[in-house]
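Here's model_2.pdb, which has PDB, C-alpha atoms:
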```pdb
ATOM      1  CA  MET T 559     129.122  59.966  45.061
ATOM      2  CA  LYS T 560     128.831  56.924  47.349
ATOM      3  CA  ARG T 561     131.102  58.612  49.807
ATOM      4  CA  MET T 562     128.874  61.728  49.799
ATOM      5  CA  LYS T 563     125.749  59.629  50.387
ATOM      6  CA  LYS T 564     127.428  57.849  53.297
ATOM      7  CA  LEU T 565     128.529  61.164  54.746
ATOM      8  CA  MET T 566     125.011  62.607  54.419
ATOM      9  CA  ALA T 567     123.532  59.487  56.032
ATOM     10  CA  LEU T 568     126.008  59.746  58.904
ATOM     11  CA  ILE T 569     125.247  63.451  59.397
ATOM     12  CA  THR T 570     121.518  62.689  59.370
ATOM     13  CA  ILE T 571     121.950  59.954  61.980
ATOM     14  CA  LEU T 572     124.056  62.236  64.164
ATOM     15  CA  LEU T 573     121.522  65.053  63.900
ATOM     16  CA  ILE T 574     118.641  62.758  64.761
ATOM     17  CA  SER T 575     120.471  61.230  67.722
ATOM     18  CA  THR T 576     121.485  64.690  68.967
ATOM     19  CA  MET T 577     117.905  65.889  68.708
ATOM     20  CA  LEU T 578     116.591  62.815  70.505
ATOM     21  CA  THR T 579     119.199  63.047  73.229
ATOM     22  CA  GLY T 580     118.422  66.710  73.699
ATOM     23  CA  CYS T 581     114.727  65.939  74.075
ATOM     24  CA  ILE T 582     115.216  62.989  76.393
ATOM     25  CA  PHE T 583     117.511  64.903  78.738
ATOM     26  CA  SER T 584     115.683  68.211  78.622
ATOM     27  CA  PRO T 585     115.243  69.844  82.043
ATOM     28  CA  TYR T 586     111.478  69.448  81.700
ATOM     29  CA  ASN T 587     111.713  65.687  81.111
ATOM     30  CA  VAL T 588     114.199  65.330  83.968
ATOM     31  CA  GLY T 589     111.762  67.267  86.172
ATOM     32  CA  ILE T 590     108.933  64.911  85.248
ATOM     33  CA  LYS T 591     111.106  61.865  86.043
ATOM     34  CA  ASN T 592     112.083  63.373  89.400
ATOM     35  CA  LEU T 593     108.467  64.214  90.145
ATOM     36  CA  LYS T 594     107.401  60.623  89.416
ATOM     37  CA  LYS T 595     110.172  59.304  91.684
ATOM     38  CA  GLY T 596     109.117  61.628  94.519
ATOM     39  CA  GLU T 597     112.350  63.604  94.301
ATOM     40  CA  TYR T 598     110.598  66.937  94.620
ATOM     41  CA  PHE T 599     113.542  69.242  95.282
ATOM     42  CA  ALA T 600     115.394  67.849  92.267
ATOM     43  CA  ALA T 601     112.194  68.294  90.235
ATOM     44  CA  ILE T 602     111.950  71.907  91.389
ATOM     45  CA  ASP T 603     115.504  72.564  90.195
ATOM     46  CA  SER T 604     114.815  70.929  86.818
ATOM     47  CA  PHE T 605     111.589  72.834  86.253
ATOM     48  CA  HIS T 606     113.301  76.120  87.182
ATOM     49  CA  GLU T 607     115.973  75.331  84.605
ATOM     50  CA  ALA T 608     113.338  74.546  81.963
ATOM     51  CA  ILE T 609     111.559  77.822  82.741
ATOM     52  CA  GLU T 610     114.832  79.784  82.498
ATOM     53  CA  LYS T 611     115.438  78.186  79.096
ATOM     54  CA  GLU T 612     111.807  78.906  78.159
ATOM     55  CA  LYS T 613     111.158  75.238  77.388
ATOM     56  CA  ASN T 614     107.618  73.882  77.744
ATOM     57  CA  LEU T 615     106.712  76.905  79.868
ATOM     58  CA  ALA T 616     103.121  76.000  80.685
ATOM     59  CA  ASP T 617     103.940  72.398  81.548
ATOM     60  CA  SER T 618     107.125  73.378  83.380
ATOM     61  CA  TYR T 619     105.209  75.814  85.572
ATOM     62  CA  ARG T 620     102.548  73.166  86.226
ATOM     63  CA  GLY T 621     105.217  70.600  87.168
ATOM     64  CA  LEU T 622     106.928  73.179  89.370
ATOM     65  CA  GLY T 623     103.618  73.887  91.084
ATOM     66  CA  ILE T 624     103.045  70.207  91.826
ATOM     67  CA  ALA T 625     106.581  69.758  93.171
ATOM     68  CA  LEU T 626     106.233  72.869  95.355
ATOM     69  CA  TRP T 627     102.849  71.604  96.614
ATOM     70  CA  GLU T 628     104.499  68.337  97.610
ATOM     71  CA  THR T 629     107.174  70.253  99.563
ATOM     72  CA  GLU T 630     104.451  72.323 101.258
ATOM     73  CA  ASP T 631     105.528  75.593  99.638
ATOM     74  CA  TYR T 632     101.913  76.564  99.068
ATOM     75  CA  LYS T 633     102.496  80.170  98.017
ATOM     76  CA  GLY T 634     105.149  79.102  95.517
ATOM     77  CA  ALA T 635     102.903  76.318  94.241
ATOM     78  CA  LEU T 636      99.975  78.684  93.767
ATOM     79  CA  ASP T 637     102.159  81.231  91.945
ATOM     80  CA  ALA T 638     103.602  78.534  89.676
ATOM     81  CA  MET T 639     100.163  77.151  88.802
ATOM     82  CA  GLU T 640      98.836  80.623  88.073
ATOM     83  CA  ASN T 641     101.816  81.087  85.730
ATOM     84  CA  ALA T 642     101.003  77.734  84.122
ATOM     85  CA  ILE T 643      97.483  78.953  83.356
ATOM     86  CA  GLU T 644      98.844  82.258  82.003
ATOM     87  CA  GLN T 645     101.182  80.265  79.746
ATOM     88  CA  GLY T 646      98.266  78.220  78.402
ATOM     89  CA  THR T 647      98.210  74.993  80.386
ATOM     90  CA  LYS T 648      94.941  73.123  80.146
ATOM     91  CA  GLU T 649      92.832  73.978  83.149
ATOM     92  CA  ASN T 650      91.300  70.997  84.869
ATOM     93  CA  VAL T 651      89.554  69.965  88.064
ATOM     94  CA  THR T 652      92.685  68.731  89.815
ATOM     95  CA  LEU T 653      94.633  71.884  89.036
ATOM     96  CA  HIS T 654      91.905  74.153  90.434
ATOM     97  CA  SER T 655      91.385  71.907  93.438
ATOM     98  CA  ILE T 656      95.088  72.023  94.304
ATOM     99  CA  MET T 657      95.132  75.779  93.730
ATOM    100  CA  GLY T 658      92.161  76.127  96.081
ATOM    101  CA  ASN T 659      93.995  74.060  98.693
ATOM    102  CA  CYS T 660      97.115  76.216  98.275
ATOM    103  CA  ALA T 661      95.061  79.377  98.686
ATOM    104  CA  MET T 662      93.508  77.950 101.864
ATOM    105  CA  GLN T 663      96.971  77.186 103.251
ATOM    106  CA  THR T 664      98.151  80.738 102.549
ATOM    107  CA  GLY T 665      95.031  82.334 104.026
ATOM    108  CA  ASP T 666      93.694  83.685 100.732
ATOM    109  CA  TYR T 667      90.179  82.372 101.263
ATOM    110  CA  GLY T 668      88.587  84.465  98.526
ATOM    111  CA  LYS T 669      90.967  82.950  95.985
ATOM    112  CA  ALA T 670      90.267  79.496  97.445
ATOM    113  CA  VAL T 671      86.543  80.043  96.829
ATOM    114  CA  GLU T 672      87.269  81.041  93.220
ATOM    115  CA  HIS T 673      89.331  77.926  92.539
ATOM    116  CA  TYR T 674      86.919  75.532  94.255
ATOM    117  CA  GLU T 675      84.010  77.063  92.310
ATOM    118  CA  ALA T 676      86.034  76.714  89.087
ATOM    119  CA  ALA T 677      86.752  73.054  89.867
ATOM    120  CA  LEU T 678      83.094  72.360  90.610
ATOM    121  CA  SER T 679      81.992  73.993  87.351
ATOM    122  CA  MET T 680      83.960  71.502  85.269
ATOM    123  CA  LYS T 681      82.216  68.526  83.723
ATOM    124  CA  ASP T 682      84.961  65.964  84.225
ATOM    125  CA  ILE T 683      84.952  66.071  88.037
ATOM    126  CA  SER T 684      84.810  62.677  89.752
ATOM    127  CA  ASP T 685      82.243  62.055  92.466
ATOM    128  CA  GLU T 686      84.978  61.709  95.088
ATOM    129  CA  LEU T 687      86.734  64.949  94.110
ATOM    130  CA  LYS T 688      83.391  66.731  93.826
ATOM    131  CA  LYS T 689      82.493  65.752  97.390
ATOM    132  CA  GLU T 690      85.903  66.812  98.727
ATOM    133  CA  THR T 691      85.865  70.101  96.814
ATOM    134  CA  ARG T 692      82.345  70.948  97.965
ATOM    135  CA  TYR T 693      83.381  70.382 101.570
ATOM    136  CA  ASN T 694      86.510  72.516 101.089
ATOM    137  CA  LEU T 695      84.366  75.247  99.551
ATOM    138  CA  ILE T 696      82.252  75.374 102.715
ATOM    139  CA  ALA T 697      85.393  75.869 104.805
ATOM    140  CA  ALA T 698      86.671  78.546 102.422
ATOM    141  CA  TYR T 699      83.438  80.512 102.716
ATOM    142  CA  GLU T 700      83.495  80.139 106.485
ATOM    143  CA  TYR T 701      87.119  81.313 106.820
ATOM    144  CA  ALA T 702      86.433  84.146 104.378
ATOM    145  CA  GLY T 703      83.808  85.357 106.839
ATOM    146  CA  ASN T 704      80.810  84.543 104.663
ATOM    147  CA  VAL T 705      79.021  82.349 107.206
ATOM    148  CA  ASP T 706      75.658  82.637 105.452
ATOM    149  CA  LYS T 707      77.106  81.271 102.210
ATOM    150  CA  ALA T 708      78.934  78.552 104.164
ATOM    151  CA  LYS T 709      75.647  77.533 105.818
ATOM    152  CA  GLU T 710      73.877  77.507 102.442
ATOM    153  CA  LYS T 711      76.561  75.327 100.840
ATOM    154  CA  LEU T 712      76.657  73.060 103.894
ATOM    155  CA  GLU T 713      72.890  72.564 103.757
ATOM    156  CA  GLU T 714      73.172  71.530 100.082
ATOM    157  CA  TYR T 715      76.111  69.274 100.923
ATOM    158  CA  ILE T 716      74.274  67.491 103.746
ATOM    159  CA  ALA T 717      71.247  66.994 101.474
ATOM    160  CA  ASP T 718      73.541  65.062  99.108
ATOM    161  CA  TYR T 719      75.692  63.381 101.794
ATOM    162  CA  PRO T 720      73.436  62.940 104.855
ATOM    163  CA  ASP T 721      75.763  60.381 106.484
ATOM    164  CA  ASP T 722      78.858  62.594 106.501
ATOM    165  CA  GLU T 723      79.511  62.948 110.235
ATOM    166  CA  SER T 724      82.062  65.737 109.890
ATOM    167  CA  ALA T 725      79.555  67.781 107.875
ATOM    168  CA  LEU T 726      76.882  67.195 110.518
ATOM    169  CA  ARG T 727      79.297  68.385 113.229
ATOM    170  CA  GLU T 728      80.148  71.406 111.097
ATOM    171  CA  ALA T 729      76.433  72.210 110.764
ATOM    172  CA  GLU T 730      76.074  72.133 114.568
ATOM    173  CA  PHE T 731      79.095  74.436 114.865
ATOM    174  CA  LEU T 732      77.806  76.896 112.253
ATOM    175  CA  GLU T 733      74.463  77.091 114.049
ATOM    176  CA  THR T 734      76.303  78.825 116.889
ATOM    177  CA  ARG T 735      77.467  81.564 114.574
TER     178      ARG T 735
END
```

Before we go any further, please render this structure as structure tokens.
Amino acid sequence: MKRMKKLMALITILLISTMLTGCIFSPYNVGIKNLKKGEYFAAIDSFHEAIEKEKNLADSYRGLGIALWETEDYKGALDAMENAIEQGTKENVTLHSIMGNCAMQTGDYGKAVEHYEAALSMKDISDELKKETRYNLIAAYEYAGNVDKAKEKLEEYIADYPDDESALREAEFLETR
């Protein structure tokens, strides 16, 4: 009986340690560690592995998107972040702001507008990110060919940030259009 209890205790310890080791060294966790260390290509590989194994799909896609953003693969980053949202990742200001920036880099200005508007509609946006996102939204409207909307948003922006020299220069530029 004692021998059986010892055996069961040993099996339990082995199972627990195997489970913990499996969690600690999961491709997702390795990807996060690589991301934190700035090893973006290694992170990309780890997140791809996690996605193939269907582990933490939403978070793995989000991590992949961040790593791809850092390597300037904007289309890949945007696709990964869209997949993250489809898989149920929590949408937030930073995510939509980065997605807007990716869309700008790929020339999809309509999508950039959508993401910047989504970011601005969220309650937890910091003043600094709000200012940056509003300015990016103006550029997105301008590049999308909606100069009237860009002028409208720029007028609102300057009313809130009258000392922003780049916005004042942009207003002078848009007056010529």

Selection dump of the PyMOL selection byres ((chain T and resi 676-687) around 12), as a list in words: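 Applied to this file, the PyMOL selection byres ((chain T and resi 676-687) around 12) selects Glu649, Asn650, Val651, Thr652, Leu653, His654, Ser655, Ile656, Met657, Gly658, Asn659, Lys669, Ala670, Val671, Glu672, His673, Tyr674, Glu675, Lys688, Lys689, Glu690, Thr691, Arg692, Tyr693, Asn694, Leu695, Asp718 and Tyr719 of chain T.
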
Spatial sel., origin (73.3, 68.3, 103.9), limit 12 Å, all atoms listed in the file, listed as an MDAnalysis selection string: chainID T and resid 689 692:693 696 708:730

Keeping C-alpha atoms for every residue in the selection just given, could you write it to a file as a PDB file, in the frame of the given file?
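Writing done, so here's out-v5.pdb:
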```pdb
ATOM      1  CA  LYS T 689      82.493  65.752  97.390  1.00  0.00           C
ATOM      2  CA  ARG T 692      82.345  70.948  97.965  1.00  0.00           C
ATOM      3  CA  TYR T 693      83.381  70.382 101.570  1.00  0.00           C
ATOM      4  CA  ILE T 696      82.252  75.374 102.715  1.00  0.00           C
ATOM      5  CA  ALA T 708      78.934  78.552 104.164  1.00  0.00           C
ATOM      6  CA  LYS T 709      75.647  77.533 105.818  1.00  0.00           C
ATOM      7  CA  GLU T 710      73.877  77.507 102.442  1.00  0.00           C
ATOM      8  CA  LYS T 711      76.561  75.327 100.840  1.00  0.00           C
ATOM      9  CA  LEU T 712      76.657  73.060 103.894  1.00  0.00           C
ATOM     10  CA  GLU T 713      72.890  72.564 103.757  1.00  0.00           C
ATOM     11  CA  GLU T 714      73.172  71.530 100.082  1.00  0.00           C
ATOM     12  CA  TYR T 715      76.111  69.274 100.923  1.00  0.00           C
ATOM     13  CA  ILE T 716      74.274  67.491 103.746  1.00  0.00           C
ATOM     14  CA  ALA T 717      71.247  66.994 101.474  1.00  0.00           C
ATOM     15  CA  ASP T 718      73.541  65.062  99.108  1.00  0.00           C
ATOM     16  CA  TYR T 719      75.692  63.381 101.794  1.00  0.00           C
ATOM     17  CA  PRO T 720      73.436  62.940 104.855  1.00  0.00           C
ATOM     18  CA  ASP T 721      75.763  60.381 106.484  1.00  0.00           C
ATOM     19  CA  ASP T 722      78.858  62.594 106.501  1.00  0.00           C
ATOM     20  CA  GLU T 723      79.511  62.948 110.235  1.00  0.00           C
ATOM     21  CA  SER T 724      82.062  65.737 109.890  1.00  0.00           C
ATOM     22  CA  ALA T 725      79.555  67.781 107.875  1.00  0.00           C
ATOM     23  CA  LEU T 726      76.882  67.195 110.518  1.00  0.00           C
ATOM     24  CA  ARG T 727      79.297  68.385 113.229  1.00  0.00           C
ATOM     25  CA  GLU T 728      80.148  71.406 111.097  1.00  0.00           C
ATOM     26  CA  ALA T 729      76.433  72.210 110.764  1.00  0.00           C
ATOM     27  CA  GLU T 730      76.074  72.133 114.568  1.00  0.00           C
TER      28      GLU T 730
END
```

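Selection result for the displayed file, with the PyMOL selection byres ((chain T and resi 647) around 10) as criterion, is Asn614, Leu615, Ala616, Asp617, Ser618, Tyr619, Arg620, Met639, Glu640, Asn641, Ala642, Ile643, Glu644, Gln645, Gly646, Lys648, Glu649, Asn650 and Leu653 of chain T.
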
Among listed residues T:Leu593, T:Ala625, T:Met662, T:Ala608, nearest Ala702 in chain T (using only C-alpha atoms):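 Smallest separation from Ala702 in chain T among the options: T:Met662.
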
For Asn592 in chain T: contacts at 12 Å, only C-alpha atoms, fewer than 3 positions along chain excluded, given as a ChimeraX atom specification: /T:585-589,595-605,621-622,624-625

Atom-to-atom span, CA of Asp666 in chain T and CA of Tyr701 in chain T, Å: 9.3 Å
